[in-house]
Amino acid sequence: MDETGRAIIARVEAEVVAIKHVTPHMQRITVGGAALESFLRTDGVETPAAWVKVFLPSGEGRAYTIRQINKEQQTLDLDFVLHHKEESYSPASSWAFQAQKGERITLAGPRAGSFALPEDAAWVILAGDVTALPAIQNIAANLPPTIRARVYVEIPTHEDQQEIRSPAVLSVVWLEPRERPGLALEQRVLYRPFPLGPGYVWVAGESRIAKELRAHYLRERYLERHRVTTEGYWKVGKADHREG
Ligand SMILES: Cc1cc2nc3c(=O)[nH]c(=O)nc-3n(C[C@H](O)[C@H](O)[C@H](O)COP(=O)(O)OP(=O)(O)OC[C@H]3O[C@@H](n4cnc5c(N)ncnc54)[C@H](O)[C@@H]3O)c2cc1C
């Protein structure tokens, strides 16, 4: 940590050590290398939904969730959504589609995840599109067994479903896309009754949908601010989107 309490951001060179086609639209890139040793000991690296900035061989950087860490092997897994399999204008997705073992990339971070479960929460709603699935899997795996969790994930095809393990009492709804990204998700969660007791909502995915759901939970459902976290992970029509 630095003197302001923020985790120090390191930049490390890593090497692609394995590539796995997890589902039709998800490519797992495992990176390793001696330089990762200190990176994997950094504060925040194991918080659910922690992420790194991946600098591709082209020099462009994009944010990716740390899906899994293997401390023994000193590797970490990053799950890339293949949203532009054939086209070349999306640097990260295209790179992941064609990545080769032995390629070198730079990682910056890690950054702690945004999931901040209030102590009194009896239930949690986790909602997102497929870019949020790695984070949702991590969050779900770290929930307390006493909590009820409802998970909603919009995926490109039913073959993009993945296992979501959790000690919590979990229900999972998979949604397939409608006319625009996030619409199926939004329509499914809007105005759904909450379970009993205090809770917490975590949403990540397309920026406009994340903003609309934030407004819904705060202004129409009267949840307190600390009970809602929303993150725009990407934005339709905008490369390298960053939330202001
Ligand atoms: C904290 C954080 C964690 C993230 N974790 C992950 C993760 O684990 N896995 C993951 O795949 N993504 C994750 N993302 C989202 C990822 O960073 C963006 O999708 C990023 O824009 C992808 O870069 P790109 O080079 O492929 O596309 P860009 O060059 O950024 O965009 C090119 C075009 O593609 C569109 N586009 C970008 N992403 C998508 C998408 N997913 N679907 C459809 N169109 C898209 C843009 O609107 C633009 O028109 C995360 C983002 C954040 C902020």
# chains A, B, ... in the order shown; residues from 1 in each chain; ligands from 1
call {"tool": "residues_near_ligand", "arguments": {"ligand": "ligand 1", "cutoff": "8 Å", "atoms": "only C-alpha atoms and all ligand atoms", "output": "MDAnalysis selection string"}}
result
chainID A and resid 26 49:52 60:67 78:84 89:94 113 130:135 181 205:206 231:243
call {"tool": "residues_around", "arguments": {"residues": "Gly197 (chain A)", "least_positions_apart": "2", "cutoff": "7 Å", "atoms": "only C-alpha atoms", "output": "PDB file with all heavy atoms, in the first residue's frame"}}
result
ATOM      1  N   ALA A 122     -29.062 -10.032   3.931  1.00  0.00           N
ATOM      2  CA  ALA A 122     -29.639 -11.377   3.985  1.00  0.00           C
ATOM      3  C   ALA A 122     -29.750 -11.951   2.581  1.00  0.00           C
ATOM      4  O   ALA A 122     -29.931 -13.147   2.410  1.00  0.00           O
ATOM      5  CB  ALA A 122     -31.021 -11.314   4.626  1.00  0.00           C
ATOM      6  N   PRO A 195     -36.184 -10.328  -2.013  1.00  0.00           N
ATOM      7  CA  PRO A 195     -36.423 -11.246  -0.891  1.00  0.00           C
ATOM      8  C   PRO A 195     -36.576 -10.446   0.407  1.00  0.00           C
ATOM      9  O   PRO A 195     -36.283  -9.249   0.435  1.00  0.00           O
ATOM     10  CB  PRO A 195     -35.148 -12.101  -0.854  1.00  0.00           C
ATOM     11  CG  PRO A 195     -34.493 -11.894  -2.177  1.00  0.00           C
ATOM     12  CD  PRO A 195     -34.881 -10.529  -2.641  1.00  0.00           C
ATOM     13  N   GLY A 199     -30.639  -6.169   1.855  1.00  0.00           N
ATOM     14  CA  GLY A 199     -29.873  -6.875   0.828  1.00  0.00           C
ATOM     15  C   GLY A 199     -28.870  -5.991   0.135  1.00  0.00           C
ATOM     16  O   GLY A 199     -28.527  -4.900   0.614  1.00  0.00           O
TER      17      GLY A 199
END
call {"tool": "residues_around", "arguments": {"residues": "region 188-193 of chain A", "least_positions_apart": "6", "cutoff": "12 Å", "atoms": "only C-alpha atoms", "output": "MDAnalysis selection string"}}
result
chainID A and resid 125:128 150:154 173:178 182 199 201:203 209:210 212:217 219:222
call {"tool": "write_last_selection", "arguments": {"atoms": "N, CA and C atoms", "output": "short mmCIF file (atom, residue, chain, number, x, y, z; two decimals), in the first residue's frame"}}
result
data_model
loop_
_atom_site.label_atom_id
_atom_site.label_comp_id
_atom_site.auth_asym_id
_atom_site.auth_seq_id
_atom_site.Cartn_x
_atom_site.Cartn_y
_atom_site.Cartn_z
N ILE A 125 -28.31 -9.73 -5.05
CA ILE A 125 -28.62 -9.93 -6.46
C ILE A 125 -27.35 -9.63 -7.25
N LEU A 126 -26.93 -10.59 -8.09
CA LEU A 126 -25.77 -10.40 -8.95
C LEU A 126 -26.27 -10.43 -10.38
N ALA A 127 -26.08 -9.34 -11.11
CA ALA A 127 -26.63 -9.29 -12.47
C ALA A 127 -25.59 -8.73 -13.42
N GLY A 128 -25.52 -9.32 -14.60
CA GLY A 128 -24.56 -8.80 -15.56
C GLY A 128 -24.65 -9.52 -16.88
N ARG A 150 -29.38 -14.36 -5.81
CA ARG A 150 -30.04 -14.53 -7.10
C ARG A 150 -29.12 -14.00 -8.18
N VAL A 151 -28.85 -14.83 -9.17
CA VAL A 151 -27.89 -14.47 -10.21
C VAL A 151 -28.61 -14.40 -11.56
N TYR A 152 -28.38 -13.31 -12.29
CA TYR A 152 -28.95 -13.15 -13.63
C TYR A 152 -27.81 -12.84 -14.58
N VAL A 153 -27.61 -13.68 -15.59
CA VAL A 153 -26.52 -13.42 -16.53
C VAL A 153 -27.05 -13.51 -17.96
N GLU A 154 -26.78 -12.44 -18.73
CA GLU A 154 -27.14 -12.46 -20.15
C GLU A 154 -25.95 -12.99 -20.95
N VAL A 173 -30.35 -17.55 -13.22
CA VAL A 173 -31.18 -17.41 -14.41
C VAL A 173 -30.29 -16.98 -15.57
N TRP A 174 -30.28 -17.78 -16.64
CA TRP A 174 -29.50 -17.44 -17.84
C TRP A 174 -30.44 -16.79 -18.84
N LEU A 175 -30.00 -15.68 -19.43
CA LEU A 175 -30.86 -14.94 -20.35
C LEU A 175 -30.17 -14.82 -21.70
N GLU A 176 -30.95 -15.01 -22.75
CA GLU A 176 -30.35 -14.84 -24.08
C GLU A 176 -30.73 -13.48 -24.64
N PRO A 177 -29.82 -12.88 -25.45
CA PRO A 177 -29.98 -11.48 -25.83
C PRO A 177 -31.24 -11.19 -26.63
N ARG A 178 -31.69 -9.94 -26.51
CA ARG A 178 -32.83 -9.49 -27.31
C ARG A 178 -32.33 -8.42 -28.28
N GLY A 182 -28.08 -6.22 -23.23
CA GLY A 182 -28.52 -5.88 -21.88
C GLY A 182 -30.02 -5.77 -21.70
N GLY A 199 -30.64 -6.17 1.85
CA GLY A 199 -29.87 -6.87 0.83
C GLY A 199 -28.87 -5.99 0.13
N VAL A 201 -27.25 -5.22 -4.13
CA VAL A 201 -27.32 -5.49 -5.56
C VAL A 201 -25.99 -5.14 -6.21
N TRP A 202 -25.45 -6.05 -7.00
CA TRP A 202 -24.21 -5.79 -7.76
C TRP A 202 -24.49 -6.06 -9.22
N VAL A 203 -24.25 -5.04 -10.05
CA VAL A 203 -24.54 -5.14 -11.48
C VAL A 203 -23.31 -4.73 -12.28
N ILE A 209 -26.95 0.13 -19.62
CA ILE A 209 -27.80 -0.76 -18.82
C ILE A 209 -27.43 -0.63 -17.34
N ALA A 210 -26.13 -0.56 -17.07
CA ALA A 210 -25.69 -0.45 -15.67
C ALA A 210 -26.22 0.86 -15.07
N GLU A 212 -28.90 2.59 -16.06
CA GLU A 212 -30.37 2.52 -15.93
C GLU A 212 -30.76 1.70 -14.71
N LEU A 213 -30.05 0.60 -14.49
CA LEU A 213 -30.38 -0.24 -13.33
C LEU A 213 -30.03 0.48 -12.03
N ARG A 214 -28.94 1.24 -12.04
CA ARG A 214 -28.57 2.01 -10.84
C ARG A 214 -29.70 3.00 -10.48
N ALA A 215 -30.15 3.72 -11.51
CA ALA A 215 -31.23 4.70 -11.27
C ALA A 215 -32.48 3.99 -10.75
N HIS A 216 -32.77 2.84 -11.33
CA HIS A 216 -33.95 2.07 -10.91
C HIS A 216 -33.86 1.68 -9.43
N TYR A 217 -32.72 1.11 -9.04
CA TYR A 217 -32.61 0.63 -7.66
C TYR A 217 -32.58 1.78 -6.66
N ARG A 219 -33.70 5.15 -7.22
CA ARG A 219 -34.81 6.11 -7.26
C ARG A 219 -36.18 5.47 -7.25
N GLU A 220 -36.27 4.25 -7.79
CA GLU A 220 -37.60 3.63 -7.84
C GLU A 220 -37.78 2.56 -6.78
N ARG A 221 -36.67 1.98 -6.31
CA ARG A 221 -36.78 0.92 -5.30
C ARG A 221 -36.27 1.39 -3.94
N TYR A 222 -35.75 2.61 -3.92
CA TYR A 222 -35.31 3.26 -2.66
C TYR A 222 -34.26 2.48 -1.88
#
call {"tool": "select_by_dssp", "arguments": {"residues": "region 19-225 of chain A", "states": "helix (DSSP H, G or I)", "output": "mmCIF file with C-alpha atoms, in the first residue's frame"}}
result
data_model
loop_
_atom_site.group_PDB
_atom_site.id
_atom_site.type_symbol
_atom_site.label_atom_id
_atom_site.label_comp_id
_atom_site.auth_asym_id
_atom_site.auth_seq_id
_atom_site.Cartn_x
_atom_site.Cartn_y
_atom_site.Cartn_z
ATOM 1 C CA LEU A 36 4.040 -12.531 -11.337
ATOM 2 C CA GLU A 37 5.270 -13.712 -7.933
ATOM 3 C CA SER A 38 5.116 -10.311 -6.204
ATOM 4 C CA PHE A 39 2.065 -9.290 -8.257
ATOM 5 C CA PRO A 91 -8.014 -5.322 -30.016
ATOM 6 C CA ALA A 92 -8.541 -7.408 -26.859
ATOM 7 C CA SER A 93 -11.188 -9.782 -28.132
ATOM 8 C CA SER A 94 -9.355 -10.357 -31.410
ATOM 9 C CA TRP A 95 -6.048 -10.857 -29.630
ATOM 10 C CA ALA A 96 -7.520 -13.461 -27.266
ATOM 11 C CA PHE A 97 -9.049 -15.301 -30.221
ATOM 12 C CA GLN A 98 -5.640 -15.683 -31.877
ATOM 13 C CA VAL A 130 -21.097 -12.267 -20.129
ATOM 14 C CA THR A 131 -18.230 -9.806 -19.431
ATOM 15 C CA ALA A 132 -19.331 -9.878 -15.788
ATOM 16 C CA LEU A 133 -19.524 -13.668 -15.602
ATOM 17 C CA PRO A 134 -15.912 -14.137 -14.367
ATOM 18 C CA ALA A 135 -16.557 -11.579 -11.611
ATOM 19 C CA ILE A 136 -19.915 -13.137 -10.729
ATOM 20 C CA GLN A 137 -18.283 -16.573 -10.473
ATOM 21 C CA ASN A 138 -15.656 -15.173 -8.094
ATOM 22 C CA ILE A 139 -18.154 -13.239 -6.029
ATOM 23 C CA ALA A 140 -20.503 -16.233 -5.752
ATOM 24 C CA ALA A 141 -17.645 -18.494 -4.629
ATOM 25 C CA HIS A 158 -27.175 -21.088 -24.226
ATOM 26 C CA GLU A 159 -23.839 -22.862 -24.794
ATOM 27 C CA ASP A 160 -22.135 -19.989 -22.970
ATOM 28 C CA LEU A 183 -32.211 -5.504 -22.712
ATOM 29 C CA ALA A 184 -33.095 -9.071 -21.720
ATOM 30 C CA LEU A 185 -31.266 -8.607 -18.421
ATOM 31 C CA GLU A 186 -32.873 -5.270 -17.699
ATOM 32 C CA GLN A 187 -36.383 -6.501 -18.459
ATOM 33 C CA ARG A 188 -35.893 -9.538 -16.245
ATOM 34 C CA VAL A 189 -34.675 -7.719 -13.143
ATOM 35 C CA SER A 207 -22.647 1.016 -19.480
ATOM 36 C CA ARG A 208 -26.115 2.285 -20.356
ATOM 37 C CA ILE A 209 -27.802 -0.758 -18.821
ATOM 38 C CA ALA A 210 -25.685 -0.445 -15.672
ATOM 39 C CA LYS A 211 -26.679 3.237 -15.335
ATOM 40 C CA GLU A 212 -30.367 2.525 -15.931
ATOM 41 C CA LEU A 213 -30.385 -0.238 -13.333
ATOM 42 C CA ARG A 214 -28.571 2.006 -10.844
ATOM 43 C CA ALA A 215 -31.227 4.696 -11.273
ATOM 44 C CA HIS A 216 -33.948 2.067 -10.912
ATOM 45 C CA TYR A 217 -32.614 0.626 -7.657
ATOM 46 C CA LEU A 218 -31.864 4.005 -6.070
ATOM 47 C CA ARG A 219 -34.805 6.114 -7.258
ATOM 48 C CA GLU A 220 -37.603 3.626 -7.836
ATOM 49 C CA ARG A 225 -26.437 3.845 -1.849
#
call {"tool": "select_by_dssp", "arguments": {"residues": "region 37-164 of chain A", "states": "strand (DSSP E or B)", "output": "number ranges by chain"}}
result
A: 51-55, 61-70, 75-81, 104-111, 123-129, 148-154
call {"tool": "closest_residue", "arguments": {"among": "A:Leu223, A:Val228, A:Ala18, A:Ala35", "to": "Thr106 (chain A)", "atoms": "only C-alpha atoms"}}
result
A:Ala35
call {"tool": "atom_distance", "arguments": {"atom1": "CA of Pro118 (chain A)", "atom2": "CA of Gly244 (chain A)"}}
result
24.7 Å
call {"tool": "closest_residue", "arguments": {"among": "A:Lys71, A:Lys20, A:His25, A:Arg104", "to": "Ser58 (chain A)", "atoms": "only C-alpha atoms"}}
result
A:Arg104
call {"tool": "decode", "arguments": {"residues": "region 23-59 of chain A", "atoms": "N, CA and C atoms", "output": "compact mmCIF listing (two decimals), in the first residue's frame"}}
result
# COMPACT_ATOMS: atom_id res chain seq x y z
N THR A 23 -16.08 -21.66 -23.52
CA THR A 23 -17.41 -21.77 -24.16
C THR A 23 -17.27 -21.08 -25.52
N PRO A 24 -18.30 -21.13 -26.37
CA PRO A 24 -18.14 -20.52 -27.70
C PRO A 24 -17.67 -19.07 -27.67
N HIS A 25 -18.09 -18.30 -26.66
CA HIS A 25 -17.70 -16.88 -26.63
C HIS A 25 -16.77 -16.54 -25.48
N MET A 26 -16.08 -17.51 -24.93
CA MET A 26 -15.17 -17.21 -23.80
C MET A 26 -13.86 -17.96 -23.97
N GLN A 27 -12.77 -17.21 -24.02
CA GLN A 27 -11.44 -17.79 -24.20
C GLN A 27 -10.63 -17.51 -22.93
N ARG A 28 -10.14 -18.59 -22.31
CA ARG A 28 -9.33 -18.40 -21.10
C ARG A 28 -7.85 -18.33 -21.46
N ILE A 29 -7.22 -17.24 -21.06
CA ILE A 29 -5.79 -17.07 -21.28
C ILE A 29 -5.12 -17.15 -19.91
N THR A 30 -4.27 -18.15 -19.73
CA THR A 30 -3.53 -18.28 -18.48
C THR A 30 -2.16 -17.64 -18.68
N VAL A 31 -1.83 -16.70 -17.79
CA VAL A 31 -0.52 -16.04 -17.91
C VAL A 31 0.34 -16.38 -16.70
N GLY A 32 1.63 -16.45 -16.93
CA GLY A 32 2.55 -16.79 -15.84
C GLY A 32 3.88 -16.10 -16.06
N GLY A 33 4.85 -16.55 -15.27
CA GLY A 33 6.19 -15.96 -15.40
C GLY A 33 6.68 -15.50 -14.04
N ALA A 34 8.01 -15.46 -13.90
CA ALA A 34 8.62 -15.14 -12.60
C ALA A 34 8.14 -13.81 -12.06
N ALA A 35 7.88 -12.84 -12.95
CA ALA A 35 7.52 -11.50 -12.50
C ALA A 35 6.16 -11.47 -11.78
N LEU A 36 5.38 -12.53 -11.96
CA LEU A 36 4.04 -12.53 -11.34
C LEU A 36 4.09 -12.81 -9.84
N GLU A 37 5.22 -13.30 -9.33
CA GLU A 37 5.27 -13.71 -7.93
C GLU A 37 4.84 -12.58 -6.98
N SER A 38 5.46 -11.41 -7.11
CA SER A 38 5.12 -10.31 -6.20
C SER A 38 3.74 -9.76 -6.53
N PHE A 39 3.39 -9.76 -7.82
CA PHE A 39 2.06 -9.29 -8.26
C PHE A 39 0.96 -10.08 -7.55
N LEU A 40 1.16 -11.40 -7.44
CA LEU A 40 0.13 -12.25 -6.85
C LEU A 40 0.07 -12.12 -5.32
N ARG A 41 1.02 -11.38 -4.74
CA ARG A 41 0.98 -11.14 -3.29
C ARG A 41 0.45 -9.75 -2.97
N THR A 42 0.10 -8.96 -3.99
CA THR A 42 -0.34 -7.58 -3.78
C THR A 42 -1.70 -7.55 -3.07
N ASP A 43 -1.89 -6.53 -2.19
CA ASP A 43 -3.19 -6.35 -1.52
C ASP A 43 -4.30 -6.24 -2.57
N GLY A 44 -5.40 -6.88 -2.29
CA GLY A 44 -6.57 -6.70 -3.16
C GLY A 44 -6.67 -7.72 -4.27
N VAL A 45 -5.57 -8.43 -4.54
CA VAL A 45 -5.57 -9.33 -5.70
C VAL A 45 -6.59 -10.46 -5.55
N GLU A 46 -6.89 -10.81 -4.30
CA GLU A 46 -7.83 -11.92 -4.09
C GLU A 46 -9.23 -11.46 -3.71
N THR A 47 -9.49 -10.14 -3.78
CA THR A 47 -10.86 -9.70 -3.51
C THR A 47 -11.74 -10.13 -4.68
N PRO A 48 -13.01 -10.50 -4.42
CA PRO A 48 -13.86 -10.93 -5.53
C PRO A 48 -14.00 -9.79 -6.55
N ALA A 49 -13.89 -10.14 -7.81
CA ALA A 49 -14.00 -9.18 -8.92
C ALA A 49 -12.78 -8.28 -9.06
N ALA A 50 -11.65 -8.66 -8.44
CA ALA A 50 -10.40 -7.91 -8.67
C ALA A 50 -10.05 -7.99 -10.16
N TRP A 51 -9.35 -6.98 -10.63
CA TRP A 51 -9.08 -6.94 -12.07
C TRP A 51 -7.70 -6.37 -12.36
N VAL A 52 -7.29 -6.57 -13.60
CA VAL A 52 -6.00 -6.04 -14.05
C VAL A 52 -6.20 -5.31 -15.37
N LYS A 53 -5.26 -4.47 -15.68
CA LYS A 53 -5.23 -3.87 -17.03
C LYS A 53 -4.27 -4.72 -17.84
N VAL A 54 -4.77 -5.22 -18.95
CA VAL A 54 -3.95 -6.05 -19.82
C VAL A 54 -3.46 -5.18 -20.98
N PHE A 55 -2.15 -5.06 -21.12
CA PHE A 55 -1.60 -4.34 -22.27
C PHE A 55 -1.20 -5.36 -23.32
N LEU A 56 -1.90 -5.29 -24.44
CA LEU A 56 -1.71 -6.26 -25.52
C LEU A 56 -0.40 -5.97 -26.24
N PRO A 57 0.07 -6.91 -27.07
CA PRO A 57 1.30 -6.65 -27.83
C PRO A 57 1.22 -5.34 -28.64
N SER A 58 0.01 -4.92 -29.02
CA SER A 58 -0.14 -3.66 -29.77
C SER A 58 0.06 -2.43 -28.88
N GLY A 59 0.11 -2.64 -27.54
CA GLY A 59 0.28 -1.52 -26.61
C GLY A 59 -1.03 -1.03 -26.02
